[in-house]
>>> print(open('run25.pdb').read())   # PDB, C-alpha atoms, pLDDT in the B column
ATOM      1  CA  MET W   1    -152.278 -17.377  97.711  1.00 89.00           C
ATOM      2  CA  LYS W   2    -148.926 -17.418  95.987  1.00 90.00           C
ATOM      3  CA  LEU W   3    -147.023 -14.219  95.200  1.00 90.00           C
ATOM      4  CA  SER W   4    -147.282 -14.735  91.441  1.00 91.00           C
ATOM      5  CA  LYS W   5    -151.093 -14.943  91.649  1.00 93.00           C
ATOM      6  CA  ALA W   6    -151.309 -11.886  93.919  1.00 94.00           C
ATOM      7  CA  VAL W   7    -149.111  -9.843  91.533  1.00 95.00           C
ATOM      8  CA  SER W   8    -151.218 -10.960  88.569  1.00 95.00           C
ATOM      9  CA  GLN W   9    -154.471 -10.009  90.285  1.00 96.00           C
ATOM     10  CA  LYS W  10    -153.087  -6.648  91.432  1.00 96.00           C
ATOM     11  CA  ILE W  11    -151.910  -5.721  87.923  1.00 95.00           C
ATOM     12  CA  LEU W  12    -155.303  -6.648  86.477  1.00 96.00           C
ATOM     13  CA  LYS W  13    -157.042  -4.662  89.218  1.00 95.00           C
ATOM     14  CA  ILE W  14    -154.943  -1.562  88.514  1.00 94.00           C
ATOM     15  CA  CYS W  15    -155.554  -1.854  84.764  1.00 94.00           C
ATOM     16  CA  GLU W  16    -159.280  -2.058  85.388  1.00 95.00           C
ATOM     17  CA  GLU W  17    -159.233   0.918  87.780  1.00 94.00           C
ATOM     18  CA  LYS W  18    -157.219   3.043  85.339  1.00 93.00           C
ATOM     19  CA  ASN W  19    -159.118   1.694  82.318  1.00 96.00           C
ATOM     20  CA  ILE W  20    -155.965   0.658  80.453  1.00 95.00           C
ATOM     21  CA  SER W  21    -155.170  -2.466  78.482  1.00 95.00           C
ATOM     22  CA  ILE W  22    -152.261  -4.787  79.137  1.00 93.00           C
ATOM     23  CA  ASN W  23    -150.663  -3.501  75.911  1.00 94.00           C
ATOM     24  CA  LYS W  24    -150.958   0.104  77.066  1.00 96.00           C
ATOM     25  CA  LEU W  25    -149.585  -0.826  80.483  1.00 95.00           C
ATOM     26  CA  ALA W  26    -146.530  -2.395  78.865  1.00 95.00           C
ATOM     27  CA  ALA W  27    -145.992   0.683  76.686  1.00 95.00           C
ATOM     28  CA  ILE W  28    -146.259   3.264  79.462  1.00 95.00           C
ATOM     29  CA  CYS W  29    -144.067   1.203  81.792  1.00 94.00           C
ATOM     30  CA  CYS W  30    -141.347   0.492  79.197  1.00 93.00           C
ATOM     31  CA  VAL W  31    -141.746  -3.226  79.777  1.00 94.00           C
ATOM     32  CA  THR W  32    -142.253  -5.718  76.973  1.00 94.00           C
ATOM     33  CA  GLN W  33    -145.751  -6.994  76.393  1.00 94.00           C
ATOM     34  CA  SER W  34    -144.497 -10.553  76.846  1.00 93.00           C
ATOM     35  CA  THR W  35    -143.128  -9.659  80.283  1.00 93.00           C
ATOM     36  CA  VAL W  36    -146.456  -8.208  81.385  1.00 93.00           C
ATOM     37  CA  GLN W  37    -148.327 -11.173  79.887  1.00 93.00           C
ATOM     38  CA  GLY W  38    -145.983 -13.507  81.779  1.00 93.00           C
ATOM     39  CA  LEU W  39    -146.874 -11.773  85.035  1.00 94.00           C
ATOM     40  CA  ILE W  40    -150.593 -11.863  84.249  1.00 94.00           C
ATOM     41  CA  GLN W  41    -150.500 -15.527  83.262  1.00 93.00           C
ATOM     42  CA  GLU W  42    -148.373 -16.358  86.324  1.00 89.00           C
ATOM     43  CA  LYS W  43    -145.628 -17.898  84.190  1.00 86.00           C
ATOM     44  CA  SER W  44    -143.017 -16.518  86.555  1.00 77.00           C
ATOM     45  CA  GLU W  45    -143.214 -18.087  89.993  1.00 75.00           C
ATOM     46  CA  SER W  46    -140.953 -15.352  91.349  1.00 81.00           C
ATOM     47  CA  PRO W  47    -141.844 -11.997  89.798  1.00 88.00           C
ATOM     48  CA  LYS W  48    -138.833  -9.704  89.767  1.00 92.00           C
ATOM     49  CA  LEU W  49    -139.029  -6.660  91.997  1.00 93.00           C
ATOM     50  CA  ALA W  50    -137.299  -4.644  89.261  1.00 95.00           C
ATOM     51  CA  THR W  51    -140.175  -5.395  86.884  1.00 95.00           C
ATOM     52  CA  ILE W  52    -142.804  -4.512  89.472  1.00 95.00           C
ATOM     53  CA  THR W  53    -140.871  -1.296  90.168  1.00 96.00           C
ATOM     54  CA  LYS W  54    -140.976  -0.358  86.462  1.00 95.00           C
ATOM     55  CA  ILE W  55    -144.709  -0.998  86.395  1.00 95.00           C
ATOM     56  CA  CYS W  56    -145.203   1.170  89.475  1.00 95.00           C
ATOM     57  CA  GLU W  57    -143.106   3.982  88.022  1.00 95.00           C
ATOM     58  CA  GLY W  58    -145.066   3.879  84.771  1.00 92.00           C
ATOM     59  CA  LEU W  59    -148.345   4.021  86.672  1.00 91.00           C
ATOM     60  CA  GLY W  60    -147.157   6.779  88.974  1.00 91.00           C
ATOM     61  CA  ILE W  61    -147.558   4.724  92.143  1.00 94.00           C
ATOM     62  CA  THR W  62    -145.103   3.609  94.796  1.00 96.00           C
ATOM     63  CA  LEU W  63    -144.169   0.037  95.640  1.00 96.00           C
ATOM     64  CA  GLU W  64    -145.868   0.612  98.963  1.00 96.00           C
ATOM     65  CA  GLU W  65    -149.109   1.498  97.175  1.00 96.00           C
ATOM     66  CA  PHE W  66    -148.780  -1.575  94.951  1.00 97.00           C
ATOM     67  CA  PHE W  67    -148.281  -3.976  97.846  1.00 96.00           C
ATOM     68  CA  ASP W  68    -150.752  -2.246 100.198  1.00 95.00           C
ATOM     69  CA  ASP W  69    -153.529  -4.690  99.373  1.00 95.00           C
ATOM     70  CA  THR W  70    -155.082  -7.624 101.176  1.00 94.00           C
ATOM     71  CA  LEU W  71    -154.003  -9.753  98.194  1.00 94.00           C
ATOM     72  CA  PHE W  72    -150.516  -9.791  99.711  1.00 92.00           C
ATOM     73  CA  ALA W  73    -151.599 -10.918 103.191  1.00 92.00           C
ATOM     74  CA  ASN W  74    -150.670 -14.465 104.167  1.00 86.00           C
ATOM     75  CA  LEU W  75    -148.774 -15.318 100.980  1.00 88.00           C
ATOM     76  CA  GLU W  76    -147.532 -18.828 100.374  1.00 83.00           C
ATOM     77  CA  ARG W  77    -143.961 -19.313  99.233  1.00 70.00           C
ATOM     78  CA  ASP W  78    -143.766 -19.949  95.493  1.00 62.00           C
ATOM     79  CA  ASP W  79    -140.902 -22.420  95.884  1.00 63.00           C
ATOM     80  CA  LYS W  80    -142.887 -24.936  97.931  1.00 58.00           C
TER      81      LYS W  80
END
>>> encode(input="run25.pdb", output="structure tokens")
Amino acid sequence: MKLSKAVSQKILKICEEKNISINKLAAICCVTQSTVQGLIQEKSESPKLATITKICEGLGITLEEFFDDTLFANLERDDK
């Protein structure tokens, strides 16, 4: 799995667990809706760590908690 797909799936998983919409996620994380949509739709092959950090801060989780998921095991490089 590529990083962009893993990030997309993790964000969707967190939204489902916390019962929040993508719009609400963007608002609480101070990230534009288009940025979050871009991550969800895997438009960015290399999601920026700064954006993921903002999402984590808004959700009250650490980067370690975000990436501590089997989704991120055995990732393929996005630039291949």
>>> atom_distance(input="run25.pdb", atom1="CA of Ile22 (chain W)", atom2="CA of Asp68 (chain W)")
21.3 Å
>>> resolve_selection(input="run25.pdb", expression="the PyMOL selection byres ((chain W and resi 11) around 10)", output="ChimeraX atom specification")
/W:5-10,12-17,22,25,36,39-40,52,55-56,66
>>> axis_aligned_box(input="run25.pdb", around="region 53-63 of chain W", padding_each_side="4 Å", output="lines of an AutoDock Vina configuration file")
center_x = -144.6
center_y = 2.7
center_z = 90.2
size_x = 15.5
size_y = 16.1
size_z = 18.9
>>> residues_around(input="run25.pdb", residues="Ser44 (chain W)", least_positions_apart="2", cutoff="10 Å", atoms="all atoms listed in the file", output="NGL selection string")
:W and (3-5 or 35 or 38-42 or 46-48 or 78)
>>> closest_residue(input="run25.pdb", among="W:Arg77, W:Ala26, W:Asn19, W:Leu71", to="Glu57 (chain W)", atoms="all atoms listed in the file")
W:Ala26
>>> atom_distance(input="run25.pdb", atom1="CA of Cys30 (chain W)", atom2="CA of Lys2 (chain W)")
25.7 Å
>>> closest_residue(input="run25.pdb", among="W:Ser34, W:Ala73, W:Glu45, W:Ile20", to="Leu59 (chain W)", atoms="only C-alpha atoms")
W:Ile20
>>> atom_distance(input="run25.pdb", atom1="CA of Leu63 (chain W)", atom2="CA of Leu49 (chain W)")
9.2 Å
>>> closest_residue(input="run25.pdb", among="W:Gly58, W:Asn74, W:Thr51, W:Lys43", to="Cys29 (chain W)", atoms="all atoms listed in the file")
W:Gly58
>>> closest_residue(input="run25.pdb", among="W:Phe72, W:Ala50, W:Glu65, W:Gln37", to="Lys24 (chain W)", atoms="all atoms listed in the file")
W:Gln37
>>> decode(input="run25.pdb", residues="chain W", atoms="C-alpha atoms", output="PDB file, in the first residue's frame")
ATOM      1  CA  MET W   1       0.000   0.000   0.000  1.00  0.00           C
ATOM      2  CA  LYS W   2       1.210   3.490  -0.753  1.00  0.00           C
ATOM      3  CA  LEU W   3       1.567   6.131   1.962  1.00  0.00           C
ATOM      4  CA  SER W   4      -1.125   8.354   0.455  1.00  0.00           C
ATOM      5  CA  LYS W   5      -3.668   5.503   0.587  1.00  0.00           C
ATOM      6  CA  ALA W   6      -2.700   4.573   4.156  1.00  0.00           C
ATOM      7  CA  VAL W   7      -3.065   8.212   5.303  1.00  0.00           C
ATOM      8  CA  SER W   8      -6.442   8.463   3.572  1.00  0.00           C
ATOM      9  CA  GLN W   9      -7.717   5.271   5.188  1.00  0.00           C
ATOM     10  CA  LYS W  10      -6.423   6.288   8.626  1.00  0.00           C
ATOM     11  CA  ILE W  11      -8.128   9.698   8.468  1.00  0.00           C
ATOM     12  CA  LEU W  12     -11.406   8.075   7.427  1.00  0.00           C
ATOM     13  CA  LYS W  13     -11.045   5.503  10.209  1.00  0.00           C
ATOM     14  CA  ILE W  14     -10.477   8.201  12.838  1.00  0.00           C
ATOM     15  CA  CYS W  15     -13.447  10.227  11.573  1.00  0.00           C
ATOM     16  CA  GLU W  16     -15.644   7.156  11.817  1.00  0.00           C
ATOM     17  CA  GLU W  17     -14.391   6.307  15.323  1.00  0.00           C
ATOM     18  CA  LYS W  18     -14.937   9.876  16.547  1.00  0.00           C
ATOM     19  CA  ASN W  19     -18.174  10.253  14.562  1.00  0.00           C
ATOM     20  CA  ILE W  20     -17.060  13.456  12.830  1.00  0.00           C
ATOM     21  CA  SER W  21     -17.402  14.572   9.237  1.00  0.00           C
ATOM     22  CA  ILE W  22     -14.547  15.594   6.980  1.00  0.00           C
ATOM     23  CA  ASN W  23     -15.809  19.194   7.214  1.00  0.00           C
ATOM     24  CA  LYS W  24     -15.741  19.094  11.009  1.00  0.00           C
ATOM     25  CA  LEU W  25     -12.282  17.525  10.955  1.00  0.00           C
ATOM     26  CA  ALA W  26     -10.993  20.362   8.787  1.00  0.00           C
ATOM     27  CA  ALA W  27     -12.547  22.958  11.102  1.00  0.00           C
ATOM     28  CA  ILE W  28     -11.199  21.536  14.358  1.00  0.00           C
ATOM     29  CA  CYS W  29      -7.742  20.993  12.862  1.00  0.00           C
ATOM     30  CA  CYS W  30      -7.485  24.464  11.273  1.00  0.00           C
ATOM     31  CA  VAL W  31      -6.840  22.885   7.895  1.00  0.00           C
ATOM     32  CA  THR W  32      -8.772  23.808   4.773  1.00  0.00           C
ATOM     33  CA  GLN W  33     -11.480  21.444   3.643  1.00  0.00           C
ATOM     34  CA  SER W  34      -9.767  21.143   0.264  1.00  0.00           C
ATOM     35  CA  THR W  35      -6.557  20.004   1.965  1.00  0.00           C
ATOM     36  CA  VAL W  36      -8.379  17.295   3.897  1.00  0.00           C
ATOM     37  CA  GLN W  37     -10.317  16.271   0.779  1.00  0.00           C
ATOM     38  CA  GLY W  38      -7.014  16.063  -1.110  1.00  0.00           C
ATOM     39  CA  LEU W  39      -5.659  13.674   1.510  1.00  0.00           C
ATOM     40  CA  ILE W  40      -8.837  11.586   1.476  1.00  0.00           C
ATOM     41  CA  GLN W  41      -8.925  11.417  -2.315  1.00  0.00           C
ATOM     42  CA  GLU W  42      -5.187  10.638  -2.426  1.00  0.00           C
ATOM     43  CA  LYS W  43      -4.477  13.613  -4.685  1.00  0.00           C
ATOM     44  CA  SER W  44      -1.190  14.182  -2.902  1.00  0.00           C
ATOM     45  CA  GLU W  45       1.257  11.347  -3.450  1.00  0.00           C
ATOM     46  CA  SER W  46       3.408  12.682  -0.618  1.00  0.00           C
ATOM     47  CA  PRO W  47       1.228  13.926   2.238  1.00  0.00           C
ATOM     48  CA  LYS W  48       3.025  16.610   4.212  1.00  0.00           C
ATOM     49  CA  LEU W  49       3.982  15.717   7.756  1.00  0.00           C
ATOM     50  CA  ALA W  50       3.047  19.259   8.815  1.00  0.00           C
ATOM     51  CA  THR W  51      -0.528  18.668   7.650  1.00  0.00           C
ATOM     52  CA  ILE W  52      -0.749  15.308   9.396  1.00  0.00           C
ATOM     53  CA  THR W  53       0.647  16.976  12.532  1.00  0.00           C
ATOM     54  CA  LYS W  54      -2.108  19.626  12.423  1.00  0.00           C
ATOM     55  CA  ILE W  55      -4.722  16.908  12.059  1.00  0.00           C
ATOM     56  CA  CYS W  56      -3.268  15.022  15.019  1.00  0.00           C
ATOM     57  CA  GLU W  57      -3.174  18.152  17.165  1.00  0.00           C
ATOM     58  CA  GLY W  58      -6.789  18.946  16.317  1.00  0.00           C
ATOM     59  CA  LEU W  59      -7.839  15.413  17.210  1.00  0.00           C
ATOM     60  CA  GLY W  60      -5.806  15.368  20.401  1.00  0.00           C
ATOM     61  CA  ILE W  61      -3.620  12.453  19.328  1.00  0.00           C
ATOM     62  CA  THR W  62       0.111  12.108  18.809  1.00  0.00           C
ATOM     63  CA  LEU W  63       1.867  11.317  15.547  1.00  0.00           C
ATOM     64  CA  GLU W  64       2.857   8.037  17.133  1.00  0.00           C
ATOM     65  CA  GLU W  65      -0.807   7.194  17.726  1.00  0.00           C
ATOM     66  CA  PHE W  66      -1.662   8.168  14.146  1.00  0.00           C
ATOM     67  CA  PHE W  67       1.026   5.980  12.600  1.00  0.00           C
ATOM     68  CA  ASP W  68       0.634   3.097  15.082  1.00  0.00           C
ATOM     69  CA  ASP W  69      -1.562   1.115  12.713  1.00  0.00           C
ATOM     70  CA  THR W  70      -1.011  -1.901  10.506  1.00  0.00           C
ATOM     71  CA  LEU W  71      -1.986   0.338   7.568  1.00  0.00           C
ATOM     72  CA  PHE W  72       1.546   1.741   7.697  1.00  0.00           C
ATOM     73  CA  ALA W  73       3.326  -1.632   7.647  1.00  0.00           C
ATOM     74  CA  ASN W  74       5.165  -2.509   4.447  1.00  0.00           C
ATOM     75  CA  LEU W  75       4.448   0.750   2.618  1.00  0.00           C
ATOM     76  CA  GLU W  76       5.419   1.166  -1.003  1.00  0.00           C
ATOM     77  CA  ARG W  77       7.247   4.308  -2.039  1.00  0.00           C
ATOM     78  CA  ASP W  78       4.907   6.805  -3.688  1.00  0.00           C
ATOM     79  CA  ASP W  79       7.569   7.936  -6.156  1.00  0.00           C
ATOM     80  CA  LYS W  80       7.922   4.556  -7.865  1.00  0.00           C
TER      81      LYS W  80
END
